[in-house]
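entry-v6.txt (compact mmCIF, C-alpha atoms) appears below.
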```
# COMPACT_ATOMS: atom_id res chain seq x y z
CA MET A 1 61.87 -227.81 71.37
CA SER A 2 60.47 -226.81 68.00
CA GLU A 3 62.32 -224.57 65.57
CA ASN A 4 61.17 -220.95 65.39
CA VAL A 5 60.76 -219.59 61.87
CA PHE A 6 60.56 -215.92 60.92
CA ILE A 7 59.08 -215.11 57.50
CA VAL A 8 60.43 -212.58 55.04
CA GLN A 9 57.50 -211.97 52.68
CA PRO A 10 58.33 -210.34 49.32
CA VAL A 11 55.49 -208.09 48.16
CA HIS A 12 54.98 -208.02 44.39
CA ASP A 13 51.18 -207.83 44.18
CA ASP A 14 47.94 -208.32 46.13
CA SER A 15 48.62 -212.06 46.68
CA ALA A 16 51.33 -211.40 49.31
CA GLN A 17 48.99 -211.66 52.30
CA ALA A 18 47.56 -215.00 51.16
CA LEU A 19 51.06 -216.34 50.45
CA GLN A 20 52.19 -215.27 53.91
CA ALA A 21 49.25 -217.09 55.53
CA GLU A 22 50.11 -220.16 53.47
CA ALA A 23 53.73 -219.94 54.65
CA VAL A 24 52.54 -220.04 58.27
CA ALA A 25 50.58 -223.22 57.47
CA LEU A 26 53.68 -224.73 55.82
CA ILE A 27 55.78 -223.91 58.88
CA GLU A 28 53.25 -225.65 61.14
CA SER A 29 53.11 -228.64 58.78
CA ALA A 30 56.90 -228.95 59.17
CA GLY A 31 56.50 -229.14 62.95
CA ALA A 32 58.02 -225.68 63.56
CA SER A 33 56.66 -222.52 65.18
CA TYR A 34 55.84 -219.22 63.53
CA ALA A 35 57.88 -216.35 64.96
CA GLY A 36 56.72 -213.35 62.94
CA THR A 37 56.81 -211.69 59.52
CA MET A 38 58.53 -208.79 57.83
CA SER A 39 57.05 -207.67 54.51
CA ALA A 40 59.45 -206.36 51.89
CA LYS A 41 58.13 -204.44 48.90
CA ILE A 42 60.33 -205.44 45.97
CA ARG A 43 60.98 -202.79 43.35
CA GLU A 44 64.22 -204.25 42.07
CA VAL A 45 65.79 -207.60 42.93
CA ASN A 46 69.35 -207.44 44.25
CA PRO A 47 71.17 -210.27 42.39
CA ALA A 48 73.47 -210.87 45.37
CA THR A 49 71.02 -210.83 48.30
CA TYR A 50 67.58 -210.39 46.66
CA LEU A 51 66.77 -207.70 49.28
CA GLY A 52 68.29 -204.23 49.23
CA GLU A 53 70.72 -203.00 51.89
CA GLY A 54 68.04 -200.99 53.70
CA LYS A 55 65.69 -203.97 54.08
CA ILE A 56 68.54 -206.22 55.20
CA ALA A 57 69.52 -203.68 57.89
CA GLU A 58 65.88 -203.47 59.04
CA LEU A 59 65.63 -207.26 59.18
CA ARG A 60 68.91 -207.54 61.07
CA ASP A 61 67.59 -205.15 63.72
CA ILE A 62 64.31 -207.09 64.07
CA LEU A 63 66.11 -210.41 64.49
CA GLU A 64 68.84 -209.23 66.83
CA GLY A 65 69.02 -211.55 69.84
CA LEU A 66 66.41 -213.96 68.44
CA ASP A 67 67.14 -217.64 67.84
CA VAL A 68 65.18 -218.08 64.61
CA THR A 69 65.43 -219.59 61.16
CA VAL A 70 64.69 -217.07 58.42
CA LEU A 71 62.22 -218.27 55.76
CA PHE A 72 62.36 -216.28 52.54
CA ASN A 73 58.88 -216.96 51.14
CA GLY A 74 60.02 -217.30 47.54
CA GLU A 75 62.93 -218.94 45.76
CA LEU A 76 66.52 -217.91 46.37
CA SER A 77 69.58 -218.76 44.30
CA PRO A 78 72.40 -220.63 46.09
CA SER A 79 74.52 -217.47 46.30
CA GLN A 80 71.62 -215.36 47.57
CA THR A 81 70.99 -217.88 50.36
CA VAL A 82 74.64 -217.78 51.48
CA ASN A 83 74.93 -214.00 51.17
CA LEU A 84 71.71 -213.36 53.12
CA SER A 85 72.88 -215.67 55.89
CA GLU A 86 76.18 -213.77 56.12
CA ALA A 87 74.40 -210.40 56.09
CA LEU A 88 72.19 -211.56 58.99
CA GLY A 89 75.11 -212.60 61.16
CA GLY A 90 75.16 -216.27 60.20
CA LYS A 91 71.48 -216.96 60.84
CA LYS A 92 70.07 -219.98 59.04
CA VAL A 93 68.26 -218.90 55.86
CA ILE A 94 65.94 -221.18 53.88
CA ASP A 95 63.57 -220.53 51.02
CA ARG A 96 60.07 -221.84 50.31
CA THR A 97 61.29 -224.82 48.28
CA THR A 98 63.55 -225.99 51.13
CA LEU A 99 60.57 -225.86 53.50
CA ILE A 100 58.30 -227.79 51.11
CA LEU A 101 60.99 -230.45 50.58
CA ASP A 102 61.33 -230.81 54.34
CA ILE A 103 57.58 -231.46 54.64
CA PHE A 104 57.83 -233.98 51.81
CA ALA A 105 60.60 -235.77 53.75
CA LEU A 106 58.31 -235.94 56.80
CA ARG A 107 55.29 -237.21 54.85
CA ALA A 108 56.82 -239.79 52.47
CA GLU A 109 56.07 -243.34 53.61
CA SER A 110 56.31 -245.56 50.53
CA SER A 111 59.71 -246.59 49.17
CA GLU A 112 58.95 -244.70 45.93
CA GLY A 113 57.93 -241.57 47.80
CA LYS A 114 61.14 -241.63 49.83
CA LEU A 115 63.21 -242.08 46.67
CA GLN A 116 61.46 -239.14 45.00
CA VAL A 117 61.95 -236.90 48.03
CA GLU A 118 65.62 -237.77 48.34
CA LEU A 119 66.20 -237.17 44.63
CA ALA A 120 64.42 -233.79 44.75
CA GLN A 121 66.41 -232.77 47.83
CA LEU A 122 69.74 -233.81 46.33
CA ARG A 123 69.05 -231.99 43.08
CA TYR A 124 68.16 -228.88 45.07
CA LEU A 125 71.06 -229.12 47.53
CA TYR A 126 73.75 -229.96 44.98
CA PRO A 127 74.29 -226.44 43.57
CA ARG A 128 74.12 -225.12 47.14
CA LEU A 129 77.13 -227.16 48.29
CA LYS A 130 80.29 -225.07 48.41
CA GLY A 131 83.48 -227.02 48.80
CA LYS A 132 83.24 -229.59 51.58
CA GLY A 133 80.06 -228.77 53.36
CA GLU A 134 80.29 -225.01 53.73
CA ALA A 135 76.65 -224.62 52.75
CA LEU A 136 75.49 -227.64 54.71
CA SER A 137 77.31 -226.55 57.83
CA ARG A 138 75.12 -223.45 57.77
CA LEU A 139 72.00 -225.58 57.92
CA GLY A 140 72.52 -226.80 61.47
CA GLY A 141 69.57 -228.90 62.63
CA GLY A 142 65.84 -228.71 61.95
CA ILE A 143 64.21 -227.76 58.66
CA GLY A 144 66.27 -228.71 55.62
CA THR A 145 68.24 -231.47 57.32
CA ARG A 146 65.71 -234.30 57.12
CA GLY A 147 66.30 -237.01 54.55
CA PRO A 148 69.64 -236.71 52.77
CA GLY A 149 70.57 -233.72 54.91
CA GLU A 150 71.34 -236.21 57.68
CA THR A 151 73.94 -238.01 55.52
CA GLN A 152 77.51 -236.82 54.99
CA LEU A 153 76.79 -235.08 51.72
CA GLU A 154 79.74 -232.81 52.23
CA THR A 155 82.27 -235.62 51.74
CA ASP A 156 82.39 -235.55 47.95
CA ARG A 157 80.28 -233.90 45.23
CA ARG A 158 80.99 -236.89 42.99
CA HIS A 159 79.28 -239.17 45.49
CA ILE A 160 76.22 -236.94 45.32
CA ARG A 161 76.14 -237.14 41.52
CA ALA A 162 76.47 -240.92 41.71
CA ARG A 163 73.60 -241.10 44.23
CA ILE A 164 71.42 -238.93 41.99
CA ARG A 165 72.06 -241.28 39.04
CA SER A 166 71.29 -244.31 41.21
CA LEU A 167 67.99 -242.79 42.39
CA GLU A 168 67.04 -241.85 38.82
CA GLU A 169 67.60 -245.45 37.69
CA LYS A 170 65.53 -246.87 40.57
CA LEU A 171 62.67 -244.47 39.88
CA GLU A 172 62.78 -245.25 36.17
CA LYS A 173 62.22 -248.95 36.97
CA THR A 174 59.38 -247.98 39.31
CA GLU A 175 57.79 -245.86 36.57
CA GLN A 176 58.00 -248.80 34.16
CA ARG A 177 56.21 -251.05 36.67
CA ARG A 178 53.57 -248.38 37.24
CA GLY A 179 53.08 -248.03 33.49
CA MET A 180 52.59 -251.80 33.14
CA GLN A 181 50.01 -251.75 35.94
CA ALA A 182 48.12 -248.92 34.22
CA LYS A 183 48.09 -250.84 30.91
CA ARG A 184 46.86 -253.97 32.67
CA ARG A 185 44.05 -252.04 34.32
CA LYS A 186 42.95 -250.58 30.98
CA LYS A 187 43.11 -254.03 29.38
CA ASP A 188 40.99 -255.44 32.20
CA GLY A 189 38.47 -252.61 31.83
CA VAL A 190 39.20 -251.04 35.22
CA ARG A 191 38.00 -247.42 35.23
CA THR A 192 40.07 -245.02 37.32
CA VAL A 193 38.94 -241.79 38.96
CA ALA A 194 41.68 -239.51 40.34
CA LEU A 195 41.29 -236.99 43.14
CA VAL A 196 43.40 -233.97 42.28
CA GLY A 197 43.55 -230.41 43.53
CA TYR A 198 45.11 -227.96 45.90
CA THR A 199 46.69 -229.29 49.07
CA ASN A 200 44.46 -229.61 52.15
CA THR A 201 41.10 -229.34 50.34
CA GLY A 202 39.80 -232.64 51.74
CA LYS A 203 40.78 -235.17 49.05
CA SER A 204 41.72 -237.89 51.55
CA THR A 205 38.53 -237.27 53.55
CA LEU A 206 36.54 -237.64 50.33
CA LEU A 207 38.36 -240.88 49.47
CA ASN A 208 37.43 -242.26 52.89
CA ALA A 209 33.81 -241.10 52.55
CA LEU A 210 33.31 -242.67 49.12
CA THR A 211 35.13 -245.95 49.76
CA GLY A 212 34.86 -246.54 53.50
CA ALA A 213 38.65 -246.61 53.67
CA ASP A 214 40.76 -245.41 56.59
CA VAL A 215 43.34 -243.22 54.86
CA PHE A 216 45.39 -240.83 57.02
CA VAL A 217 43.67 -237.45 57.26
CA LYS A 218 45.17 -234.34 58.84
CA ASP A 219 44.37 -230.63 58.63
CA ALA A 220 47.82 -229.78 57.25
CA LEU A 221 49.44 -228.94 53.94
CA PHE A 222 50.79 -231.99 52.09
CA ALA A 223 49.32 -234.44 54.62
CA THR A 224 49.12 -236.95 51.75
CA LEU A 225 52.23 -237.46 49.64
CA ASP A 226 52.04 -241.08 48.52
CA PRO A 227 49.16 -241.99 46.19
CA THR A 228 46.44 -244.20 47.68
CA SER A 229 43.95 -246.23 45.62
CA ARG A 230 40.73 -247.82 46.83
CA ARG A 231 37.80 -249.56 45.14
CA VAL A 232 34.45 -247.79 45.00
CA GLU A 233 31.16 -249.21 43.71
CA ILE A 234 28.76 -246.91 41.87
CA GLU A 235 25.54 -248.18 40.27
CA GLY A 236 26.79 -251.75 40.68
CA MET A 237 30.05 -251.02 38.86
CA ASP A 238 33.57 -251.00 40.25
CA PHE A 239 35.88 -248.00 39.90
CA LEU A 240 39.36 -247.36 41.24
CA LEU A 241 39.53 -244.09 43.18
CA THR A 242 43.04 -242.65 43.65
CA ASP A 243 44.14 -239.87 45.98
CA THR A 244 47.18 -237.84 44.89
CA VAL A 245 49.63 -235.31 46.30
CA GLY A 246 48.14 -231.83 46.53
CA PHE A 247 49.27 -228.85 44.48
CA LEU A 248 50.38 -225.45 45.70
CA ARG A 249 50.56 -222.09 43.95
CA ASP A 250 53.99 -221.29 42.50
CA LEU A 251 55.11 -224.85 43.16
CA PRO A 252 58.54 -225.00 41.46
CA HIS A 253 58.46 -226.93 38.20
CA HIS A 254 61.31 -229.21 39.27
CA LEU A 255 59.25 -230.35 42.28
CA ILE A 256 56.33 -231.25 40.01
CA GLU A 257 58.75 -233.15 37.77
CA ALA A 258 60.16 -235.00 40.80
CA PHE A 259 56.71 -236.37 41.62
CA LYS A 260 55.54 -236.93 38.07
CA SER A 261 55.70 -240.72 38.39
CA THR A 262 53.52 -240.54 41.52
CA LEU A 263 51.07 -238.39 39.57
CA GLU A 264 50.87 -240.90 36.70
CA SER A 265 47.67 -242.19 38.32
CA ALA A 266 46.13 -238.77 37.68
CA LEU A 267 47.55 -238.42 34.19
CA ASN A 268 46.24 -241.82 33.10
CA CYS A 269 42.81 -241.65 34.76
CA ASP A 270 39.45 -241.86 32.99
CA LEU A 271 38.08 -238.96 35.05
CA ALA A 272 39.68 -236.43 37.42
CA LEU A 273 37.75 -234.92 40.31
CA ILE A 274 39.22 -231.46 40.95
CA VAL A 275 38.54 -230.96 44.65
CA CYS A 276 38.36 -227.36 45.92
CA ASP A 277 37.73 -225.95 49.40
CA ALA A 278 34.45 -224.06 49.06
CA SER A 279 35.16 -222.20 52.30
CA GLY A 280 38.51 -220.89 51.05
CA ASP A 281 39.93 -219.21 47.95
CA TYR A 282 38.48 -221.81 45.59
CA GLU A 283 39.06 -219.71 42.46
CA MET A 284 42.81 -219.63 43.16
CA GLN A 285 42.79 -223.35 44.02
CA LEU A 286 41.02 -224.21 40.77
CA SER A 287 43.24 -222.04 38.57
CA THR A 288 46.41 -223.40 40.25
CA THR A 289 45.24 -226.99 39.72
CA LEU A 290 44.28 -226.46 36.08
CA GLU A 291 47.56 -224.66 35.37
CA THR A 292 49.57 -227.47 36.99
CA LEU A 293 47.67 -230.16 35.07
CA ARG A 294 48.19 -228.31 31.78
CA GLY A 295 51.90 -228.25 32.49
CA MET A 296 51.80 -232.04 32.83
CA ASP A 297 50.04 -232.55 29.45
CA PHE A 298 46.90 -233.75 31.22
CA SER A 299 43.95 -234.41 28.89
CA ALA A 300 41.36 -236.53 30.75
CA PRO A 301 37.80 -235.27 31.45
CA THR A 302 37.35 -233.37 34.73
CA LEU A 303 34.57 -232.79 37.25
CA ILE A 304 34.83 -229.89 39.69
CA VAL A 305 33.93 -230.83 43.28
CA MET A 306 33.37 -228.05 45.81
CA ASN A 307 34.07 -229.64 49.20
CA LYS A 308 33.24 -228.10 52.62
CA CYS A 309 30.13 -226.44 51.17
CA ASP A 310 28.57 -226.51 54.64
CA ARG A 311 31.17 -223.90 55.65
CA ALA A 312 31.01 -221.78 52.48
CA PRO A 313 29.77 -218.15 52.50
CA ALA A 314 26.07 -217.80 51.68
CA ASP A 315 26.83 -215.59 48.67
CA ALA A 316 29.51 -217.92 47.23
CA ARG A 317 29.28 -218.37 43.43
CA PHE A 318 30.67 -221.68 42.28
CA PRO A 319 31.41 -222.85 38.72
CA LYS A 320 28.22 -223.78 36.86
CA ASP A 321 28.80 -227.55 36.60
CA ALA A 322 30.44 -227.98 40.02
CA VAL A 323 29.10 -230.57 42.47
CA CYS A 324 28.72 -229.22 46.02
CA ILE A 325 29.49 -231.65 48.85
CA SER A 326 30.77 -231.99 52.38
CA ALA A 327 32.97 -235.07 52.61
CA LYS A 328 33.00 -234.78 56.40
CA THR A 329 29.19 -234.94 56.75
CA ASP A 330 28.50 -237.05 53.58
CA CYS A 331 26.26 -234.26 52.27
CA GLY A 332 26.03 -234.33 48.45
CA LEU A 333 27.86 -237.65 48.03
CA PRO A 334 24.92 -239.42 46.29
CA GLU A 335 24.81 -236.59 43.74
CA LEU A 336 28.58 -236.81 43.28
CA LYS A 337 28.37 -240.55 42.60
CA ARG A 338 25.65 -239.95 40.02
CA SER A 339 27.80 -237.27 38.38
CA ILE A 340 30.79 -239.62 38.22
CA PHE A 341 28.64 -242.34 36.67
CA THR A 342 27.09 -239.91 34.16
CA ALA A 343 30.52 -238.60 33.15
CA LEU A 344 31.74 -242.12 32.41
CA LYS A 345 28.60 -243.98 31.29
CA GLU A 346 29.08 -243.12 27.59
CA ARG A 347 32.16 -245.31 27.77
CA PHE A 348 29.98 -248.29 28.70
CA ILE A 349 27.29 -250.34 27.00
CA PHE A 350 24.40 -251.74 29.01
CA ALA A 351 23.50 -255.10 27.47
CA GLU A 352 21.47 -258.26 27.98
CA LEU A 353 23.58 -261.33 27.25
CA PHE A 354 22.70 -264.99 26.89
CA ILE A 355 25.42 -267.59 27.40
CA PRO A 356 24.55 -271.15 26.30
CA TYR A 357 26.16 -273.69 28.62
CA PRO A 358 28.45 -275.09 25.86
CA LEU A 359 29.99 -271.58 25.57
CA SER A 360 30.49 -271.11 29.32
CA ALA A 361 34.27 -271.56 29.17
CA GLU A 362 34.60 -268.95 26.39
CA TYR A 363 32.45 -266.50 28.36
CA ALA A 364 34.36 -267.19 31.59
CA ALA A 365 37.59 -266.03 29.93
CA LEU A 366 35.92 -262.72 28.98
CA ARG A 367 33.96 -262.24 32.18
CA PRO A 368 36.66 -260.17 34.04
CA LEU A 369 36.20 -257.45 31.40
CA ILE A 370 32.59 -256.66 32.36
CA THR A 371 30.36 -255.98 35.35
CA GLU A 372 27.49 -258.41 35.86
CA ARG A 373 24.50 -256.64 37.37
CA ALA A 374 22.16 -259.67 37.44
CA VAL A 375 22.37 -263.35 36.42
CA GLU A 376 19.46 -265.76 35.85
CA TYR A 377 20.02 -269.43 35.01
CA THR A 378 17.69 -271.33 32.65
CA GLN A 379 17.74 -274.84 31.21
CA GLN A 380 19.62 -273.68 28.10
CA GLY A 381 22.09 -271.22 29.67
CA ALA A 382 22.60 -268.06 31.70
CA ALA A 383 20.86 -264.72 31.06
CA VAL A 384 23.15 -261.91 32.16
CA SER A 385 22.41 -258.21 32.55
CA ALA A 386 25.84 -256.62 32.09
CA VAL A 387 27.78 -253.40 31.68
CA ILE A 388 30.46 -253.68 29.01
CA PRO A 389 33.30 -251.19 28.42
CA ALA A 390 32.80 -249.82 24.89
CA GLU A 391 36.25 -250.98 23.72
CA HIS A 392 35.39 -254.60 24.62
CA ALA A 393 31.88 -254.66 23.13
CA ALA A 394 32.90 -256.56 19.98
CA LYS A 395 34.14 -259.49 22.05
CA PHE A 396 30.62 -260.08 23.40
CA ARG A 397 28.72 -259.66 20.11
CA ARG A 398 27.98 -263.38 19.77
CA PHE A 399 26.29 -263.37 23.19
CA LEU A 400 23.94 -260.46 22.41
CA SER A 401 21.34 -262.55 20.53
CA PRO A 402 19.69 -265.05 22.88
CA GLU A 403 19.83 -268.67 21.78
CA VAL A 404 17.02 -270.52 23.44
```

Serialized structure, structure tokens:
Amino acid sequence: MSENVFIVQPVHDDSAQALQAEAVALIESAGASYAGTMSAKIREVNPATYLGEGKIAELRDILEGLDVTVLFNGELSPSQTVNLSEALGGKKVIDRTTLILDIFALRAESSEGKLQVELAQLRYLYPRLKGKGEALSRLGGGIGTRGPGETQLETDRRHIRARIRSLEEKLEKTEQRRGMQAKRRKKDGVRTVALVGYTNTGKSTLLNALTGADVFVKDALFATLDPTSRRVEIEGMDFLLTDTVGFLRDLPHHLIEAFKSTLESALNCDLALIVCDASGDYEMQLSTTLETLRGMDFSAPTLIVMNKCDRAPADARFPKDAVCISAKTDCGLPELKRSIFTALKERFIFAELFIPYPLSAEYAALRPLITERAVEYTQQGAAVSAVIPAEHAAKFRRFLSPEV
């Protein structure tokens, strides 16, 4: 039987309705059921319970006799979580971050992803532990208990600190390996294109459409947590296309930090495709993505991709340089490939090379750095039509003048 979740939606501005709809999607992504919503206009935050006494009394009346978990669609302090639970007769109270972490625990498949989720959960749970499990005992089952919540965290806070240090050390080694892989790819002239953007905008579907891969696709928030890379050929050249975890508005900074090593593929890419859902609130999706990337010191070139254009309103006005596609129907993909190639082609040199047979061994050592588009063999050597990364051009200078 799935857990029933009732939303308490703080109202600060006009975005409350959209945030509430997003909370429903998050609940469904966690495998729970939506049980209703109470909106609470916030004039002044109560430091003890966030909500005022009147709103708490109203909420208590609404929930009387219901077996529900209360989702506060914002971020609560540890004391506010405990106090709200007590004020509501011991009902389980979670905040938005707890729900997102629970979805992360469901979605993580790689060893690195699982380590990152556990570390993020432990860091979040640690200040919420009171004595020996008082806070955890309130959690019961369901949302918030997946991952480390299933272990006996209540036994000793020192054990939790030790586990956090152990996870940090393991992830640091993983980051070092990832950094070495990125350097090797750059050295070998591998060009990387990252798919970034709001969660559930179709990034995995686009990866499958461009590469012919079979990456897991689901109409749910955070369906993809672990990064996935696949090779794609455009204009006879190989690129590495990487799918990344989706962003969400007001995603807590510490969650972004927790997955920073996973997002290294986006930070170190040659080009980022910012994928937006043309049938949804694409302006919000784009601004959230750009704001998140800025917070990560991202500096690579970007290309805006409006996906699901076949379902967009007729009067939709997209950014001037955006490429309109439908990853599901393959509409616009040829234009997208041309745009990717155009965005990166200034980093390449198209050249005609001639390799005399006596220099074949020297050329063979350099060959992995370039893309051969055509090869013709003559009596004196090989004539090669090639694409050379600009940073490696000097290494092929001696082959530019044909020696017949």

Within 6 Å of file point (36.5, -230.7, 49.5), counting only C-alpha atoms, expressed as number ranges by chain: A: 201-202, 275-277, 306-308

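Taking all atoms listed in the file into account, Leu293 (chain A) lies nearest to A:Val196 out of the set A:Leu88, A:Leu241, A:Ala120, A:Val196.
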
Top pick for closest residue to Ala16 (chain A), considering A:Arg249, A:Ile62, A:Ala30, A:Pro313 and counting only C-alpha atoms: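 Counting only C-alpha atoms, the residue closest to Ala16 (chain A) is A:Arg249.
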
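With distances taken over all atoms listed in the file, A:Asp270 is the one residue among A:Asp270, A:Asp297, A:Asp330, A:Asp61 lying closest to Glu346 (chain A).
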
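For the pair CA of Phe318 (chain A) and CA of Gln285 (chain A), the interatomic distance is 12.4 Å.
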
Interatomic distance (Å, one decimal) between CA of Ala364 (chain A) and CA of Glu233 (chain A):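 Calculated distance between CA of Ala364 (chain A) and CA of Glu233 (chain A) is 21.9 Å.
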
Point-to-point distance from CA of Ser2 (chain A) to CA of Ser33 (chain A), Å rounded to tenths: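 Computing it gives 6.4 Å between the two atoms.
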
Among listed residues A:Phe298, A:Phe239, A:Phe6, A:Tyr124, nearest Ala23 (chain A) (using only C-alpha atoms): A:Phe6

Distance query 10 Å from (28.4, -225.6, 50.7) using all atoms listed in the file, result as a VMD selection string: chain A and resid 277 to 279 306 to 314 316 318 323 to 326 331 to 332

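Residue nearest Arg107 (chain A) within the list A:Val245, A:Val70, A:Arg123, A:Met38: A:Val245 [criterion: smallest interatomic distance, all atoms listed in the file].
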
Counting only C-alpha atoms, the option among A:Asn4, A:Thr37, A:Thr49, A:Thr97 closest to Thr69 (chain A):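 Nearest to Thr69 (chain A): A:Asn4.
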
Neighbour list for Thr228 (chain A) as a PyMOL selection string, cut-off 9 Å, only C-alpha atoms, skip fewer than 6 positions in-chain: chain A and resi 204+207+215+241-244
